[in-house]
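Listing of target07.txt, compact mmCIF, C-alpha atoms and all ligand atoms
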# COMPACT_ATOMS: atom_id res chain seq x y z
CA MET D 10 98.86 81.66 106.45
CA LYS D 11 96.98 79.67 103.84
CA ARG D 12 97.21 81.18 100.35
CA ASP D 13 95.15 80.81 97.18
CA VAL D 14 96.27 78.18 94.66
CA LEU D 15 96.45 79.44 91.07
CA THR D 16 94.61 77.36 88.49
CA ILE D 17 95.38 76.46 84.89
CA GLY D 18 95.19 79.47 82.59
CA HIS D 19 96.89 81.78 85.10
CA PRO D 20 100.00 83.05 83.27
CA VAL D 21 102.31 82.72 86.32
CA LEU D 22 101.90 78.92 86.16
CA ARG D 23 103.62 79.05 82.76
CA GLU D 24 106.66 81.01 83.93
CA ARG D 25 110.08 79.53 84.60
CA ALA D 26 110.63 79.98 88.33
CA ARG D 27 113.90 81.66 89.35
CA SER D 28 116.58 80.19 91.58
CA VAL D 29 116.82 81.12 95.26
CA ASP D 30 120.11 82.33 96.72
CA ARG D 31 121.43 81.74 100.24
CA ASP D 32 120.57 85.16 101.65
CA GLU D 33 117.06 85.06 100.29
CA LEU D 34 116.55 81.53 101.68
CA ALA D 35 117.64 82.67 105.16
CA SER D 36 115.35 85.71 105.17
CA ALA D 37 112.32 85.82 107.46
CA GLU D 38 110.15 86.56 104.45
CA PHE D 39 111.26 83.43 102.59
CA GLN D 40 110.98 81.22 105.68
CA GLY D 41 107.43 82.57 106.07
CA LEU D 42 106.74 81.67 102.44
CA ILE D 43 107.86 78.09 103.17
CA ASP D 44 105.47 77.90 106.13
CA ASP D 45 102.61 79.26 104.02
CA LEU D 46 103.39 76.75 101.25
CA VAL D 47 103.19 73.84 103.70
CA GLU D 48 100.00 75.17 105.28
CA THR D 49 98.37 75.63 101.88
CA MET D 50 99.45 72.16 100.69
CA ARG D 51 98.04 70.51 103.82
CA ALA D 52 94.78 72.49 103.73
CA ALA D 53 94.20 71.32 100.13
CA SER D 54 95.36 67.71 100.80
CA GLY D 55 98.04 68.09 98.14
CA ALA D 56 100.83 65.51 97.86
CA GLY D 57 103.07 68.42 96.93
CA LEU D 58 102.88 72.10 96.09
CA ALA D 59 105.26 74.41 94.27
CA ALA D 60 105.59 78.06 95.29
CA ILE D 61 104.73 79.07 91.72
CA GLN D 62 101.27 77.60 92.34
CA ILE D 63 100.67 80.19 95.07
CA GLY D 64 101.90 82.92 92.76
CA VAL D 65 105.56 83.13 93.80
CA PRO D 66 107.74 82.01 90.86
CA VAL D 67 110.80 80.80 92.81
CA ARG D 68 112.36 77.32 92.78
CA LEU D 69 110.70 76.06 95.96
CA VAL D 70 108.60 72.91 96.37
CA ALA D 71 107.00 71.16 99.34
CA VAL D 72 106.21 67.43 99.22
CA GLU D 73 104.44 65.37 101.86
CA VAL D 74 102.39 62.18 101.63
CA SER D 75 100.80 60.66 104.71
CA ASN D 76 97.45 58.87 104.31
CA ASN D 77 96.54 61.38 101.64
CA PRO D 78 92.78 61.39 100.93
CA ARG D 79 93.36 62.46 97.31
CA TYR D 80 95.91 59.72 96.70
CA PRO D 81 95.27 56.99 99.31
CA TYR D 82 97.53 54.54 97.41
CA LYS D 83 100.66 56.73 97.44
CA PRO D 84 103.56 55.57 99.60
CA ALA D 85 104.35 57.93 102.49
CA ILE D 86 106.86 60.75 101.98
CA PRO D 87 107.90 62.78 105.04
CA LEU D 88 107.53 66.55 104.76
CA THR D 89 110.33 67.68 102.46
CA ILE D 90 111.14 71.27 101.52
CA LEU D 91 113.12 71.45 98.29
CA VAL D 92 114.89 74.65 97.26
CA ASN D 93 116.47 74.71 93.78
CA PRO D 94 115.69 71.01 93.21
CA GLU D 95 117.20 69.03 90.32
CA VAL D 96 115.77 65.75 89.08
CA THR D 97 118.04 63.32 87.22
CA PRO D 98 116.74 60.03 85.81
CA LEU D 99 118.77 57.03 87.00
CA ASP D 100 118.02 55.11 83.80
CA ARG D 101 115.74 55.36 80.82
CA SER D 102 112.89 53.18 82.11
CA THR D 103 109.52 54.87 82.41
CA ILE D 104 106.11 54.21 83.93
CA VAL D 105 102.67 55.61 83.19
CA VAL D 106 101.23 57.27 86.29
CA ASN D 107 97.76 58.72 86.74
CA GLU D 108 98.12 62.24 88.12
CA GLY D 109 96.07 65.13 89.36
CA CYS D 110 97.11 68.66 90.33
CA LEU D 111 95.68 71.32 92.64
CA SER D 112 96.15 73.77 89.75
CA VAL D 113 94.06 71.60 87.40
CA PRO D 114 90.91 71.19 89.49
CA GLY D 115 88.61 68.28 88.78
CA LEU D 116 90.77 66.32 86.33
CA ARG D 117 93.21 63.43 86.38
CA GLY D 118 95.12 61.85 83.54
CA ASP D 119 97.91 59.49 82.52
CA VAL D 120 101.46 60.82 82.29
CA ARG D 121 104.72 59.04 81.47
CA ARG D 122 107.42 59.50 84.12
CA TYR D 123 110.92 58.17 84.72
CA ARG D 124 110.67 55.17 87.00
CA SER D 125 113.77 55.99 89.08
CA VAL D 126 115.28 59.40 89.70
CA GLU D 127 117.86 61.09 91.87
CA VAL D 128 116.65 64.33 93.41
CA THR D 129 119.10 66.87 94.80
CA TRP D 130 118.12 70.11 96.55
CA THR D 131 118.89 72.56 99.32
CA ASP D 132 116.74 72.26 102.45
CA ARG D 133 115.19 75.22 104.26
CA PHE D 134 118.29 75.55 106.44
CA GLY D 135 120.60 75.78 103.43
CA MET D 136 121.93 72.23 103.68
CA PRO D 137 122.44 70.13 100.54
CA GLN D 138 120.24 67.02 100.38
CA SER D 139 119.62 64.19 97.96
CA THR D 140 117.51 61.06 97.64
CA GLU D 141 116.71 58.35 95.16
CA ALA D 142 113.04 57.88 94.40
CA HIS D 143 111.21 55.15 92.51
CA GLY D 144 107.75 54.50 91.14
CA LEU D 145 104.91 56.72 92.34
CA THR D 146 107.24 58.69 94.59
CA ALA D 147 109.56 59.41 91.66
CA GLY D 148 106.49 60.60 89.77
CA THR D 149 105.52 62.97 92.59
CA PHE D 150 108.95 64.64 92.55
CA GLN D 151 108.91 64.93 88.74
CA HIS D 152 105.41 66.46 88.79
CA GLU D 153 106.36 69.08 91.39
CA CYS D 154 109.65 69.99 89.72
CA ASP D 155 107.87 70.35 86.36
CA HIS D 156 105.91 73.23 87.92
CA LEU D 157 109.19 75.15 88.29
CA ASP D 158 109.57 75.10 84.50
CA GLY D 159 105.97 76.12 83.84
CA ILE D 160 104.90 72.59 82.91
CA LEU D 161 101.58 71.06 84.01
CA PHE D 162 100.69 67.36 83.87
CA VAL D 163 98.21 68.02 81.08
CA ASP D 164 101.20 68.96 78.88
CA ARG D 165 102.55 65.44 79.26
CA LEU D 166 99.41 63.34 78.81
CA THR D 167 100.12 60.04 77.08
CA ASP D 168 96.64 60.33 75.56
CA SER D 169 94.10 63.13 76.05
CA ARG D 170 91.44 60.42 76.29
CA SER D 171 92.92 59.36 79.62
CA LEU D 172 91.51 62.54 81.22
CA THR D 173 88.82 61.76 83.78
CA SER D 174 86.97 63.44 86.59
CA TRP D 175 88.03 62.28 90.06
CA ASP D 176 84.71 60.48 90.58
CA ASN D 177 84.99 58.63 87.28
CA PHE D 178 88.62 57.71 87.99
CA LYS D 179 87.51 56.07 91.22
CA GLU D 180 84.54 54.34 89.63
CA PHE D 181 86.03 53.15 86.34
CA HIS D 182 89.84 53.36 86.33
CA GLU D 183 91.38 53.21 89.80
CA GLY D 184 91.25 49.41 90.08
CA ALA D 185 93.18 48.81 86.86
CA PHE D 186 95.65 51.60 87.71
CA LEU D 187 96.39 50.17 91.16
CA GLU D 188 96.90 46.73 89.66
CA ARG D 189 99.30 48.16 87.12
CA VAL D 190 101.41 50.03 89.70
CA ALA D 191 101.15 47.44 92.49
CA ASN D 192 104.60 46.04 91.76
CA LEU D 193 106.30 49.47 91.85
CA THR D 194 108.10 50.10 95.11
CA GLY D 195 108.25 53.46 96.86
NI NI Y 201 100.71 70.05 90.41

What does the file become when written as structure tokens?
Ligand code: NI
Amino acid sequence: MKRDVLTIGHPVLRERARSVDRDELASAEFQGLIDDLVETMRAASGAGLAAIQIGVPVRLVAVEVSNNPRYPYKPAIPLTILVNPEVTPLDRSTIVVNEGCLSVPGLRGDVRRYRSVEVTWTDRFGMPQSTEAHGLTAGTFQHECDHLDGILFVDRLTDSRSLTSWDNFKEFHEGAFLERVANLTG
């Protein structure tokens, strides 16, 4: 079932989401929450969605990128369900990524992210998983995991003057952004 996405100003978005334990993860209710999260993400063409954004402050994130109309330039990421995810930078190098968020309707802006990260999590079946991510994909994981600590991309803007509407991003800024990130892999 598709759920409503909370938008900026809703106090739940500023909470620190709580960890999920094994029994809760295995419950029918939690598995249903995962299905709803995926359905809601896909219906809104999100590249990712955190459970806190649908009003459930638990450490659960869905990520999926596949010809995304909001972010046509993003490399594909298969559907990934992350429970209790941890993001660890692999080194100190950073990139500036232009981001949007379903909880911040209408706006995009520049955010500094680690260029390469290791992500570890538990999948929906309770199995430990990990991956290394780079570039835009690393940024996607960092954005989604920020939600679990009550952080929105607007908190991390490199410059508030980088905020744009989606139409103006496309018209005035997308070309330069794509040139800048063209050499980032994955
Ligand atoms: Ni977001």

Nearest to Pro20 of chain D by atom-to-atom distance, counting only C-alpha atoms, from D:Val105, D:Ala71, D:Ile90, D:Val65: D:Val65

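Selecting all polymer residues at most 7 Å from ligand NI 201 (chain Y), using all atoms listed in the file, gives Leu58, Gly109, Cys110, Leu111, Ser112, His152, Glu153, His156 and Leu161 of chain D.
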
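Here atom CA of Cys154 of chain D and atom CA of Asn192 of chain D stand 24.6 Å from one another.
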
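Of the residues listed (D:Leu69, D:Pro84, D:Val120, D:Val190), D:Val120 shows the shortest atom-to-atom separation from Phe162 of chain D; distances use all atoms listed in the file.
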
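Taking only C-alpha atoms into account, Thr173 of chain D lies nearest to D:Val113 out of the set D:Val113, D:Val67, D:Ala52, D:Val14.
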